[in-house]
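> Structure below; questions to follow.
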Amino acid sequence: MFTERTSVGLDVHARSVAAAAIDGVTGELFQTKLTPSYDHIRCWIANLPSPVAVTYEAGPTGFDLYRFLTKAGIRCLVAAPSKLHKPSGDRVKTDAKDAVHLGRLLRLDEITAVVIPTVDQEAARDLVRAREDCRGDLMRVRHRLSKLLLRHGIVYYDGDAWTGKHDAWLRRDALPQLGSPATRLSFDSAYEAVLATKARRDRLDASIEQMAADSEFTPLVRRLGCLRGISTLTGFGLAVEIGDWHRFNGNTIGSFVGLVPSEYSSGASRAQGSITKTGNTHVRRLLVEAAWHHRPRYRAGKTMRDRWDLAPAAARVRGDEGNRRLHHRWVKFIERRNKNTIADVAIARELAGWCWSLAILQE
């Protein structure tokens with residue numbers, strides 16, 4: 001609830017900050033352009049009629065400004081950009097107008113604030129996202145190498161690619177077929193990039209495994225591991241990306257990660273389309289990939305039982321119930337001959353709900 005006299009909107013960029021303040025008593029509007037220096041921003045706010053509340057959009061500048069202002073005793077909200085109301089007819093966008101718009105929304109209590117992670121939580125999130133970037137880099141360098149060979153008619157047919165057997169084939173069979181020294185040099189460059197990126201990914205995996213085994217996220221990761229498809233890496237990624245699970249329920253968690261159908265309904269007509277794909281892209285990918293693991297016949301093997309041994313009894317029972325339910329849903333989709341990709345997204349949406357139920361489960 002907004003109770004302060006002055007509302008301040010900041011449009012924060014890397015090299016400049018557009019600021020606008022609205023005095024609720026006099027109605028006066030103060031506007032200026034500031035440097036990104038936190039001390040400069042605080043000094044300008046200190047000269048405004050107090051008390052003051054501040055808001056700015058979540059973005060690449062992070063949460064350090066929020067922490068600085070909060071430590072200085074100034075109430076600050078970090079606004080979710082996707083939840084900001086804006087008139088459809090407003091076709092002029094400037095930094096100054098954005099700052100005024102934020103200040104007005106703050107005064108009207110129309111700001112939907114994001115959850116601010118702690119410093120340790122943000123560090124863990126950075127580690128997970130570094131691993132996600134490395135995964136994408138590895139996929140790209142592998143594609144470059146395989147497409148280089150494809151352009152010369154060299155294709156691997158003997159099983160899955162990027163296994164130990166495939167690696168031996170690359171060095172023993174594929175490389176000798178390249179006649180030009182320039183092409184061999186291109187192969188060496190691409191192959192070296194694959195090895196270096198894979199080694200970087202393995203180092204990040206080891207760091208995540210170590211943090212997941214002994215950190216504030218450990219109990220949550222172990223409870224999430226009671227579900228099929230949720231390994232330590234996946235569970236840790238879900239834990240650090242979502243943060244506070246208690247702000248959701250079993251229905252809203254799917255909406256938060258963009259796994260619900262889009263809809264345009266007016267009057268008697270109702271039209272639903274593809275999923276919204278809003279929210280956290282990384283969490284959505286993890287859930288969609290994990291959902292595929294529920295398609296094969298469910299049987300609690302050694303890997304699953306080893307994870308269950310680390311989790312509380314209530315989590316084991318809940319996880320077993322979820323695994324049976326999600327496989328049953330897959331069977332129904334297959335019987336109805338739904339497209340596998342559509343079925344997988346539906347399973348991922350329900351899987352998000354099961355993850356939520358395990359995340360809020362009392363120890």
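By convention here, the chains of the structure tokens are called A, B, ... in the order presented, each chain's residues are numbered starting at 1, and ligands are numbered starting at 1 in the order presented.
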Hey, what's within 10 Å of A:Pro81 if we count only C-alpha atoms and toss same-chain stuff fewer than 2 positions away? As number ranges by chain, please?
A: 56-59, 78-79, 83-85, 111-114
> Quick one: residues within 12 Å of A:Leu185, only C-alpha atoms counted, chain neighbours fewer than 6 positions away excluded, as a PyMOL selection string?
chain A and resi 145+148+175+178-179+191-192
> Quick one: residues within 10 Å of A:Gly229, only C-alpha atoms counted, chain neighbours fewer than 2 positions away excluded, as a PDB file with C-alpha atoms, in the first residue's frame?

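Here's the written file part-v8.pdb:
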ATOM      1  CA  LEU A 224      12.207 -32.304  -6.083  1.00  0.00           C
ATOM      2  CA  GLY A 225      14.430 -35.278  -6.962  1.00  0.00           C
ATOM      3  CA  CYS A 226      11.591 -37.619  -5.961  1.00  0.00           C
ATOM      4  CA  LEU A 227      10.035 -36.927  -9.382  1.00  0.00           C
ATOM      5  CA  SER A 231      18.035 -34.749 -11.477  1.00  0.00           C
ATOM      6  CA  THR A 232      20.289 -32.738  -9.189  1.00  0.00           C
ATOM      7  CA  THR A 234      17.449 -29.811 -12.909  1.00  0.00           C
ATOM      8  CA  GLY A 235      16.250 -29.611  -9.318  1.00  0.00           C
ATOM      9  CA  LEU A 286      13.766 -27.680 -17.683  1.00  0.00           C
ATOM     10  CA  LEU A 287      10.140 -28.688 -17.095  1.00  0.00           C
ATOM     11  CA  VAL A 288       9.496 -29.531 -20.764  1.00  0.00           C
ATOM     12  CA  GLU A 289      12.611 -31.713 -20.915  1.00  0.00           C
ATOM     13  CA  ALA A 290      11.777 -33.410 -17.612  1.00  0.00           C
ATOM     14  CA  ALA A 291       8.240 -34.181 -18.809  1.00  0.00           C
ATOM     15  CA  TRP A 292       9.577 -36.523 -21.515  1.00  0.00           C
ATOM     16  CA  HIS A 293      10.933 -38.832 -18.787  1.00  0.00           C
ATOM     17  CA  HIS A 294       7.396 -39.658 -17.682  1.00  0.00           C
ATOM     18  CA  MET A 304      15.186 -43.155  -8.275  1.00  0.00           C
ATOM     19  CA  ASN A 323       5.226 -40.200 -11.127  1.00  0.00           C
ATOM     20  CA  LEU A 351       4.713 -31.382 -13.540  1.00  0.00           C
TER      21      LEU A 351
END
> Just want the 7 Å neighbourhood of stretch 6-23 of chain A, counted on only C-alpha atoms, with same-chain residues fewer than 5 positions away dropped. Output as a ChimeraX atom specification.
/A:28-36,49-56,61,95-96,98-100,102-103,106-107
> Would you please extract all strand (DSSP E or B) residues from stretch 181-356 of chain A, as assigned by DSSP on the backbone, and give them as a list in words?
Pro261, Ser262, Glu263, Tyr264, Ser265, Ser266, Ser269, Arg270, Ala271, Gln272, Gly273, Ser274 and Ile275 of chain A
> Keeping N, CA, C and O atoms, export the residues of the selection given above as an mmCIF file, in the first residue's frame.

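The file below, selection_0.cif, is the result:
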data_model
loop_
_atom_site.group_PDB
_atom_site.id
_atom_site.type_symbol
_atom_site.label_atom_id
_atom_site.label_comp_id
_atom_site.auth_asym_id
_atom_site.auth_seq_id
_atom_site.Cartn_x
_atom_site.Cartn_y
_atom_site.Cartn_z
ATOM 1 N N PRO A 261 -2.226 -22.043 -22.096
ATOM 2 C CA PRO A 261 -2.600 -21.567 -23.435
ATOM 3 C C PRO A 261 -2.898 -20.074 -23.435
ATOM 4 O O PRO A 261 -3.449 -19.529 -22.466
ATOM 5 N N SER A 262 -2.518 -19.413 -24.513
ATOM 6 C CA SER A 262 -2.940 -18.028 -24.699
ATOM 7 C C SER A 262 -4.427 -18.011 -25.043
ATOM 8 O O SER A 262 -4.977 -19.010 -25.520
ATOM 9 N N GLU A 263 -5.072 -16.898 -24.787
ATOM 10 C CA GLU A 263 -6.522 -16.844 -24.993
ATOM 11 C C GLU A 263 -6.937 -15.448 -25.432
ATOM 12 O O GLU A 263 -6.401 -14.442 -24.945
ATOM 13 N N TYR A 264 -7.889 -15.406 -26.372
ATOM 14 C CA TYR A 264 -8.515 -14.141 -26.769
ATOM 15 C C TYR A 264 -10.007 -14.376 -26.829
ATOM 16 O O TYR A 264 -10.525 -14.978 -27.767
ATOM 17 N N SER A 265 -10.703 -13.950 -25.783
ATOM 18 C CA SER A 265 -12.140 -14.163 -25.687
ATOM 19 C C SER A 265 -12.851 -12.826 -25.577
ATOM 20 O O SER A 265 -12.398 -11.920 -24.866
ATOM 21 N N SER A 266 -13.944 -12.708 -26.286
ATOM 22 C CA SER A 266 -14.734 -11.482 -26.246
ATOM 23 C C SER A 266 -16.177 -11.841 -26.529
ATOM 24 O O SER A 266 -16.486 -12.495 -27.541
ATOM 25 N N SER A 269 -17.546 -15.398 -28.024
ATOM 26 C CA SER A 269 -16.456 -16.135 -28.670
ATOM 27 C C SER A 269 -15.329 -16.391 -27.688
ATOM 28 O O SER A 269 -15.037 -15.557 -26.824
ATOM 29 N N ARG A 270 -14.692 -17.541 -27.828
ATOM 30 C CA ARG A 270 -13.557 -17.902 -26.988
ATOM 31 C C ARG A 270 -12.542 -18.640 -27.852
ATOM 32 O O ARG A 270 -12.846 -19.680 -28.439
ATOM 33 N N ALA A 271 -11.356 -18.087 -27.936
ATOM 34 C CA ALA A 271 -10.308 -18.679 -28.770
ATOM 35 C C ALA A 271 -9.044 -18.860 -27.944
ATOM 36 O O ALA A 271 -8.573 -17.914 -27.300
ATOM 37 N N GLN A 272 -8.499 -20.071 -27.945
ATOM 38 C CA GLN A 272 -7.246 -20.371 -27.273
ATOM 39 C C GLN A 272 -6.187 -20.729 -28.301
ATOM 40 O O GLN A 272 -6.470 -21.380 -29.300
ATOM 41 N N GLY A 273 -4.972 -20.298 -28.008
ATOM 42 C CA GLY A 273 -3.880 -20.542 -28.943
ATOM 43 C C GLY A 273 -2.746 -21.305 -28.298
ATOM 44 O O GLY A 273 -2.944 -22.085 -27.361
ATOM 45 N N SER A 274 -1.549 -21.080 -28.788
ATOM 46 C CA SER A 274 -0.366 -21.750 -28.254
ATOM 47 C C SER A 274 -0.052 -21.211 -26.856
ATOM 48 O O SER A 274 -0.660 -20.239 -26.396
ATOM 49 N N ILE A 275 0.888 -21.839 -26.183
ATOM 50 C CA ILE A 275 1.217 -21.415 -24.827
ATOM 51 C C ILE A 275 1.798 -19.991 -24.849
ATOM 52 O O ILE A 275 2.349 -19.543 -25.862
#
> Among stretch 22-258 of chain A, which ones does DSSP assign to helix (DSSP H, G or I) (computed from the backbone)? Answer as a ChimeraX atom specification.
/A:38-46,64-71,81-83,95-107,119-151,164-177,181-213,218-224,232-242,245-247,252-256
> Ranking A:Arg140, A:Arg42, A:Gly62, A:Cys76 by minimum distance to A:Phe2 and counting only C-alpha atoms, which one comes first?
A:Cys76
